[in-house]
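Participant: Please find one structure pasted underneath; my questions will follow.
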Amino acid sequence: MEITQRTATLNDSATLLFWRNSLEAREVSVNTESISREDHSKWFSSRLTKVHFEPFLIFIAEQTPIGMTRLDLVSESSEKFEISIFVDPKYQGRGVGEKI
């Protein structure tokens with residue numbers, strides 16, 4: 001399976017919200033509650049303004065988004081990042097996470 005990547009865009013909002021609210025994602029998230037569309041939209045729009053300094057990538061196979069990675073600066077006074085990685089549950093167990 002060939003995997004390509006691109007920077008996240010506003011068009012990815014619904015997919016990312018669906019992934020974030022999946023049971024698989026909530027089980028390993030700091031906040032295990034479901035997130036509302038409104039709260040997600042506010043966060044997502046704000047997060048996209050930082051993609052040049054804090055990468056946010058969507059991974060694609062066969063023209064379908066299959067996962068994402070995100071680097072979030074821990075604090076402005078440090079150069080440490082928290083790394084988020086997610087693979088669409090439909091693609092988990094196939095070695096996709098390793099390739100991402």
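Starting from 1 in every chain, residues are counted up; chains themselves are A, B, ... following the order of the structure tokens, and ligands are numbered from 1 as listed.
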Can you tell me, as an MDAnalysis selection string, what residues are no more than 12 Å from Asp72 of chain A when counting only C-alpha atoms, ignoring any on the same chain fewer than 6 positions away?

Facilitator: chainID A and resid 47:48 50:57 78:85

Participant: Since we have the selection now, will you write its residues out, keeping C-alpha atoms, as a PDB file, in the first residue's frame?

Facilitator:
```pdb
ATOM      1  CA  ARG A  47      -4.926  24.614  15.193  1.00  0.00           C
ATOM      2  CA  LEU A  48      -4.632  25.021  11.417  1.00  0.00           C
ATOM      3  CA  LYS A  50      -0.067  26.856  13.423  1.00  0.00           C
ATOM      4  CA  VAL A  51       0.743  24.198  10.792  1.00  0.00           C
ATOM      5  CA  HIS A  52       3.895  26.005   9.649  1.00  0.00           C
ATOM      6  CA  PHE A  53       5.393  25.750  13.155  1.00  0.00           C
ATOM      7  CA  GLU A  54       3.559  22.684  14.477  1.00  0.00           C
ATOM      8  CA  PRO A  55       3.051  20.171  11.640  1.00  0.00           C
ATOM      9  CA  PHE A  56      -0.359  18.542  11.219  1.00  0.00           C
ATOM     10  CA  LEU A  57      -0.313  15.885   8.504  1.00  0.00           C
ATOM     11  CA  SER A  78      10.593  25.062  25.225  1.00  0.00           C
ATOM     12  CA  GLU A  79      11.293  23.293  21.981  1.00  0.00           C
ATOM     13  CA  LYS A  80       9.558  20.102  23.065  1.00  0.00           C
ATOM     14  CA  PHE A  81       6.618  18.692  21.160  1.00  0.00           C
ATOM     15  CA  GLU A  82       3.865  16.253  22.041  1.00  0.00           C
ATOM     16  CA  ILE A  83       3.324  13.830  19.166  1.00  0.00           C
ATOM     17  CA  SER A  84      -0.163  12.615  18.277  1.00  0.00           C
ATOM     18  CA  ILE A  85      -0.586   9.704  15.876  1.00  0.00           C
TER      19      ILE A  85
END
```

Participant: Give the alpha helix (DSSP H) residues of segment 4-98 of chain A, as DSSP finds them on the backbone, and put them as a list in words.

Facilitator: Ser13, Ala14, Thr15, Leu16, Leu17, Phe18, Trp19, Arg20, Leu23, Glu24, Ala25, Arg26, Glu27, Arg37, Glu38, Asp39, His40, Ser41, Lys42, Trp43, Phe44, Ser45, Ser46, Arg47, Leu48, Val96, Gly97 and Glu98 of chain A

Participant: Under the rule that only C-alpha atoms are counted, which of A:Arg94, A:Glu2, A:Ser41, A:Ser34 is the nearest residue to Ala14 of chain A?

Facilitator: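 Under the stated criterion, the closest residue is A:Ser41.
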
Participant: Could you pull the residues within 12 Å of Ser45 of chain A, counting only C-alpha atoms, minus those fewer than 6 positions along the same chain, as a VMD selection string?

Facilitator: chain A and resid 8 to 14 37 to 39 51

Participant: Which distance in Å separates atom CA of Arg70 of chain A and atom CA of Val87 of chain A, to one decimal?

Facilitator: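 The value is 12.1 Å.
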
Participant: Need to verify the contact set: Phe86 of chain A, 9 Å, only C-alpha atoms, exclusion of same-chain residues closer than 2 positions in sequence. Can you return it as a ChimeraX atom specification?

Facilitator: /A:19-20,25,66-69,84,88-89,97

Participant: As a list in words, which residues of segment 39-96 of chain A does DSSP assign to strand (DSSP E or B)?

Facilitator: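 Checking each residue of segment 39-96 of chain A, the strand (DSSP E or B) ones are Phe56, Leu57, Ile58, Phe59, Ile60, Ala61, Thr64, Pro65, Ile66, Gly67, Met68, Thr69, Arg70, Leu71, Asp72, Leu73, Phe81, Glu82, Ile83, Ser84, Ile85, Phe86 and Val87 of chain A.
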
Participant: Please measure the separation of atom CA of Arg6 of chain A and atom CA of Phe59 of chain A, giving the value in Å to one decimal.

Facilitator: 6.7 Å

Participant: Would you mind reading off the distance between atom CA of Gln5 of chain A and atom CA of Leu71 of chain A, one decimal, in Å?

Facilitator: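 The value is 14.6 Å.
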